[in-house]
Amino acid sequence: MKKKTFILAFAVIMIICGCAYGFSDVNQGDWYYDNVTDMTNSGYLSGYDDGSFRPSGIITKAELVSVVARVNNLEAKKGQSNHWAGGMLQAALETGYYDWDEIPPTGESFDEPITRQLAIKIVMKAFLPNEKGDYNQVSGSVADFSQLDGRYYDSVIAAYSNGVVFGDDNGNLNPKSSITRAEACAIIMRAANKKGNLKPYETPVATEPPSAVRKGGVSENGKLHVEGTRLMNEKGEGVALHGMSSHGLHWFPSFATENAIKSTADYGANLFRCAMYTGEGGYISNRSVKDALINAVDSAIRQDMYVIIDWHILSDGDPLSHVYEAAEFFAEMSERYKDNPAVIYEICNEPNGGVTWDGNVKPYAEKIIPVIRANSDGIILVGSPTWSQDLHEAAKNPLSGSNIMYTCHFYAGTHIDWLRQRIADCGLPVFVSEWGTSAADGNGGVYLEEAQKWIDFMKERGISWANWSLCDKNESSAALVGGANIDDGISDDELTESGKFVFSNF
């Protein structure tokens, strides 16, 4: 593994114009204003480089434990991981804030979102370990108490009984969902103030992400737009984005953490694609996968990378099957990231199963694009039938509007000259949002000679691309060998043959 340094961000920023310490999105009157102000005043919190605090952003296990540990004056121990928070998490583990299986000290889950029930346990163990509560009273007042895992009963009951935690407007705790930065501040402050030991932190550490302007990143190219068939930066110069796609976020979350994404940027990638499956146990049946997506998107933004929010339809091949869910999702995402030039929206991964451009994909796009445009004029990527290869059909009846590109997906062992010719002939702005060095099923090969033809073809035309995929799945298209731990970067021996080829082309 290739050692990298990661620094926990804690900085104090002055109060300006009624915003908490200059945070552009924390204002007097917000329910979390006092908590964020007090914690920032004591030196435990920082905002991002753009001046925001992102109160609705998801907090990770490492971030929450590190803040709790520092507020409680723990000293870092020698950790079992090179992760930036490894020392603090080791200290918290040894002090008994949580159990080994909840956050293994080896670090593979440090950057995953933390659940509410685990966050509450950690806060109560840290500040109010001897407090109790009334089971009957709390279990009767918390509407979804039955969803709580038994190991968290005592901590949650104590937290409710002592005013550290309150339910939502419907009386729900939502114990297994993630917790936001604002919510985390609130429960930490309530518990710390009840204990009475909140003291200024003596030596805050400077903000790290992004550590530097990435070559070809957002700081250099700014807001993107489409002219003719080309993707252009805000200065009107042609730009090509190169990077990795995650595999399914609900299957391989450890390869879509900030450390994992940063490791691709360190090799020169300026793009990361977040593949949120809709079917296959993904978003449609498991809404919590959205938390992993938001965490990955925010991580890529902090690394100065462009990032694709991918509505990854596959077995649900007709995008109209879940058009209402898609509209709701993209309304939320485009509102959340409406002023961020890094975010690109891929609204249908690979339409398939006999769907047509005119009958299915275009009508779907015409419903979803206006939803995004209500908040953002950012780049929108649209797939086409036959797993995003029927560009010739889209070219006969293209979508109206600006900053729209058409995706093409290829796998070097299956798709060869005929698909390159189709791209050359279609006259559309094309973005290769997924490609692999294998055959179309992810296996076979790797076909490096044909993959090089594709690389040369895309380079000649300034076509942006994301490779499938950053994971250690046992298939030849995977970029990482089995068991790769990339918390501290990616070494050459952790790259597969495919991974070495792709990373050398960033």
# chains A, B, ... in the order shown; residues from 1 in each chain; ligands from 1
$ closest_atom_pairs --of "stretch 241-310 of chain A" --to "stretch 489-501 of chain A" --cutoff "8 Å" --atoms "only C-alpha atoms" --output "Markdown table"
| residue | atom | partner | partner_atom | distance |
| --- | --- | --- | --- | --- |
| A:Asn259 | CA | A:Gly489 | CA | 7.1 |
| A:Ala260 | CA | A:Gly489 | CA | 7.0 |
| A:Lys262 | CA | A:Gly489 | CA | 7.7 |
| A:Ser263 | CA | A:Gly489 | CA | 4.8 |
| A:Thr264 | CA | A:Ile490 | CA | 7.9 |
$ closest_residue --among "A:Gly462, A:Gly96, A:Gly282, A:Gly86" --to "A:Ser109" --atoms "only C-alpha atoms"
A:Gly86
$ atom_distance --atom1 "atom CA of A:Asp456" --atom2 "atom CA of A:His409"
15.9 Å
$ residues_around --residues "stretch 222-229 of chain A" --least-positions-apart "2" --cutoff "7 Å" --atoms "only C-alpha atoms" --output "PyMOL selection string"
chain A and resi 218-220+231-234+341+379+403+427-430
$ residues_around --residues "A:Ala326" --least-positions-apart "6" --cutoff "10 Å" --atoms "only C-alpha atoms" --output "list in words"
Thr278, Ile284, Trp311, Pro319, Leu320, Glu332, Ile347, Cys348, Tyr364, Lys367, Ile368 and Val371 of chain A
$ closest_residue --among "A:Ala395, A:Ala466, A:Ile157, A:Ile179" --to "A:Cys274" --atoms "only C-alpha atoms"
A:Ala466
$ atom_distance --atom1 "atom CA of A:Leu470" --atom2 "atom CA of A:Gly482"
11.6 Å
$ select_by_dssp --residues "stretch 172-273 of chain A" --states "alpha helix (DSSP H)" --output "PDB file with C-alpha atoms, in the first residue's frame"
ATOM      1  CA  ARG A 181     -23.192  16.998  10.315  1.00  0.00           C
ATOM      2  CA  ALA A 182     -25.756  19.299  11.960  1.00  0.00           C
ATOM      3  CA  GLU A 183     -27.420  16.440  13.847  1.00  0.00           C
ATOM      4  CA  ALA A 184     -24.052  15.161  15.026  1.00  0.00           C
ATOM      5  CA  CYS A 185     -23.148  18.617  16.352  1.00  0.00           C
ATOM      6  CA  ALA A 186     -26.424  18.768  18.246  1.00  0.00           C
ATOM      7  CA  ILE A 187     -26.119  15.462  20.097  1.00  0.00           C
ATOM      8  CA  ILE A 188     -22.421  15.975  20.871  1.00  0.00           C
ATOM      9  CA  MET A 189     -23.068  19.453  22.277  1.00  0.00           C
ATOM     10  CA  ARG A 190     -26.049  18.356  24.359  1.00  0.00           C
ATOM     11  CA  ALA A 191     -24.121  15.474  25.883  1.00  0.00           C
ATOM     12  CA  ALA A 192     -20.887  17.441  26.404  1.00  0.00           C
ATOM     13  CA  ASN A 193     -22.696  20.369  28.019  1.00  0.00           C
ATOM     14  CA  LYS A 194     -24.619  18.020  30.292  1.00  0.00           C
ATOM     15  CA  LYS A 195     -21.327  16.523  31.398  1.00  0.00           C
ATOM     16  CA  VAL A 218     -12.635  21.898 -11.110  1.00  0.00           C
ATOM     17  CA  SER A 219     -10.394  24.701  -9.840  1.00  0.00           C
ATOM     18  CA  GLU A 220      -8.613  24.792 -13.184  1.00  0.00           C
ATOM     19  CA  ASN A 221     -11.559  24.295 -15.561  1.00  0.00           C
ATOM     20  CA  GLU A 258     -12.816   9.774   0.192  1.00  0.00           C
ATOM     21  CA  ASN A 259      -9.521   7.935   0.573  1.00  0.00           C
ATOM     22  CA  ALA A 260     -10.356   5.618  -2.320  1.00  0.00           C
ATOM     23  CA  ILE A 261     -11.417   8.488  -4.562  1.00  0.00           C
ATOM     24  CA  LYS A 262      -8.361  10.524  -3.596  1.00  0.00           C
ATOM     25  CA  SER A 263      -6.148   7.590  -4.530  1.00  0.00           C
ATOM     26  CA  THR A 264      -7.374   7.807  -8.134  1.00  0.00           C
ATOM     27  CA  ALA A 265      -6.837  11.557  -8.182  1.00  0.00           C
TER      28      ALA A 265
END
$ residues_around --residues "stretch 138-153 of chain A" --least-positions-apart "3" --cutoff "6 Å" --atoms "only C-alpha atoms" --output "JSON, numbers by chain"
{"A": [135, 156, 157, 171, 172, 175]}
$ residues_around --residues "stretch 236-253 of chain A" --least-positions-apart "3" --cutoff "7 Å" --atoms "only C-alpha atoms" --output "PyMOL selection string"
chain A and resi 230-233+256-257+269-277+282+289+292-293+462-471+506
$ write_last_selection --atoms "C-alpha atoms" --output "short mmCIF file (atom, residue, chain, number, x, y, z; two decimals), in the first residue's frame"
data_model
loop_
_atom_site.label_atom_id
_atom_site.label_comp_id
_atom_site.auth_asym_id
_atom_site.auth_seq_id
_atom_site.Cartn_x
_atom_site.Cartn_y
_atom_site.Cartn_z
CA ARG A 230 -17.20 19.06 -27.50
CA LEU A 231 -17.11 19.48 -23.76
CA MET A 232 -15.64 22.89 -22.92
CA ASN A 233 -14.37 24.56 -19.76
CA ALA A 256 -16.10 4.89 -2.92
CA THR A 257 -14.78 6.55 0.23
CA ALA A 269 -7.83 11.23 -12.52
CA ASN A 270 -10.06 14.30 -12.57
CA LEU A 271 -13.38 12.44 -12.67
CA PHE A 272 -15.22 9.95 -10.47
CA ARG A 273 -18.53 8.28 -11.35
CA CYS A 274 -20.83 7.18 -8.54
CA ALA A 275 -22.85 4.20 -9.79
CA MET A 276 -26.05 4.04 -7.74
CA TYR A 277 -27.94 0.98 -8.92
CA GLY A 282 -30.25 -0.70 -5.02
CA VAL A 289 -27.80 3.76 -0.75
CA ALA A 292 -23.38 6.38 0.23
CA LEU A 293 -23.80 8.27 -3.04
CA GLY A 462 -11.39 14.85 -26.86
CA ILE A 463 -13.94 12.37 -25.49
CA SER A 464 -14.25 12.11 -21.72
CA TRP A 465 -14.38 8.71 -20.06
CA ALA A 466 -14.84 6.74 -16.84
CA ASN A 467 -13.50 3.20 -16.56
CA TRP A 468 -15.44 0.33 -14.99
CA SER A 469 -14.61 -0.18 -12.17
CA LEU A 470 -12.80 0.74 -8.96
CA CYS A 471 -13.28 -2.43 -6.92
CA PHE A 506 -5.23 9.27 -16.68
#
$ atom_distance --atom1 "atom CA of A:Glu131" --atom2 "atom CA of A:Ser155"
8.5 Å
$ residues_around --residues "A:Ile380" --least-positions-apart "5" --cutoff "6 Å" --atoms "only C-alpha atoms" --output "ChimeraX atom specification"
/A:345-346,404
$ closest_atom_pairs --of "stretch 372-489 of chain A" --to "stretch 352-363 of chain A" --cutoff "6 Å" --atoms "only C-alpha atoms" --output "JSON lines"
{"residue": "A:Pro385", "atom": "CA", "partner": "A:Asn352", "partner_atom": "CA", "distance": 5.4}
{"residue": "A:Thr386", "atom": "CA", "partner": "A:Asn352", "partner_atom": "CA", "distance": 4.9}
{"residue": "A:Trp387", "atom": "CA", "partner": "A:Asn352", "partner_atom": "CA", "distance": 5.4}
$ write_last_selection --atoms "N, CA and C atoms" --output "CSV table (one decimal), in the first residue's frame"
chain,number,residue,atom,x,y,z
A,385,PRO,N,-30.7,3.2,-26.1
A,385,PRO,CA,-31.1,1.8,-26.1
A,385,PRO,C,-29.9,0.9,-26.4
A,386,THR,N,-30.0,-0.4,-26.1
A,386,THR,CA,-29.0,-1.4,-26.3
A,386,THR,C,-27.7,-1.1,-25.5
A,387,TRP,N,-28.0,-0.9,-24.2
A,387,TRP,CA,-26.9,-0.6,-23.2
A,387,TRP,C,-26.0,0.6,-23.6
$ closest_residue --among "A:Gln389, A:Lys215, A:Thr106, A:Asn136" --to "A:Asn485" --atoms "only C-alpha atoms"
A:Thr106
$ select_by_dssp --residues "stretch 127-301 of chain A" --states "strand (DSSP E or B)" --output "ChimeraX atom specification"
/A:178,180,225-227,230-232,238,242-246,271-277
$ decode --residues "stretch 171-182 of chain A" --atoms "N, CA, C and O atoms" --output "mmCIF file, in the first residue's frame"
data_model
loop_
_atom_site.group_PDB
_atom_site.id
_atom_site.type_symbol
_atom_site.label_atom_id
_atom_site.label_comp_id
_atom_site.auth_asym_id
_atom_site.auth_seq_id
_atom_site.Cartn_x
_atom_site.Cartn_y
_atom_site.Cartn_z
ATOM 1 N N GLY A 171 -42.120 11.331 15.491
ATOM 2 C CA GLY A 171 -41.699 10.522 16.618
ATOM 3 C C GLY A 171 -40.739 9.414 16.277
ATOM 4 O O GLY A 171 -40.526 8.495 17.075
ATOM 5 N N ASN A 172 -40.114 9.472 15.103
ATOM 6 C CA ASN A 172 -39.201 8.424 14.656
ATOM 7 C C ASN A 172 -37.751 8.786 14.959
ATOM 8 O O ASN A 172 -37.351 9.952 14.851
ATOM 9 N N LEU A 173 -36.968 7.786 15.288
ATOM 10 C CA LEU A 173 -35.526 7.952 15.449
ATOM 11 C C LEU A 173 -34.780 7.650 14.158
ATOM 12 O O LEU A 173 -33.727 8.211 13.900
ATOM 13 N N ASN A 174 -35.321 6.759 13.323
ATOM 14 C CA ASN A 174 -34.637 6.297 12.105
ATOM 15 C C ASN A 174 -33.249 5.759 12.459
ATOM 16 O O ASN A 174 -32.228 6.246 11.962
ATOM 17 N N PRO A 175 -33.198 4.743 13.329
ATOM 18 C CA PRO A 175 -31.918 4.339 13.933
ATOM 19 C C PRO A 175 -30.866 3.842 12.972
ATOM 20 O O PRO A 175 -29.678 3.960 13.245
ATOM 21 N N LYS A 176 -31.278 3.279 11.830
ATOM 22 C CA LYS A 176 -30.297 2.695 10.920
ATOM 23 C C LYS A 176 -29.975 3.584 9.728
ATOM 24 O O LYS A 176 -29.241 3.180 8.828
ATOM 25 N N SER A 177 -30.522 4.783 9.724
ATOM 26 C CA SER A 177 -30.164 5.727 8.672
ATOM 27 C C SER A 177 -28.949 6.527 9.115
ATOM 28 O O SER A 177 -28.543 6.494 10.282
ATOM 29 N N SER A 178 -28.343 7.254 8.185
ATOM 30 C CA SER A 178 -27.147 8.023 8.502
ATOM 31 C C SER A 178 -27.515 9.295 9.248
ATOM 32 O O SER A 178 -28.681 9.680 9.320
ATOM 33 N N ILE A 179 -26.499 9.950 9.777
ATOM 34 C CA ILE A 179 -26.707 11.167 10.556
ATOM 35 C C ILE A 179 -25.965 12.313 9.887
ATOM 36 O O ILE A 179 -24.873 12.132 9.340
ATOM 37 N N THR A 180 -26.549 13.497 9.894
ATOM 38 C CA THR A 180 -25.944 14.644 9.230
ATOM 39 C C THR A 180 -24.940 15.338 10.140
ATOM 40 O O THR A 180 -24.901 15.118 11.357
ATOM 41 N N ARG A 181 -24.161 16.219 9.545
ATOM 42 C CA ARG A 181 -23.192 16.998 10.315
ATOM 43 C C ARG A 181 -23.891 17.850 11.377
ATOM 44 O O ARG A 181 -23.422 17.956 12.509
ATOM 45 N N ALA A 182 -25.030 18.459 11.009
ATOM 46 C CA ALA A 182 -25.756 19.299 11.960
ATOM 47 C C ALA A 182 -26.303 18.465 13.120
ATOM 48 O O ALA A 182 -26.222 18.866 14.286
#
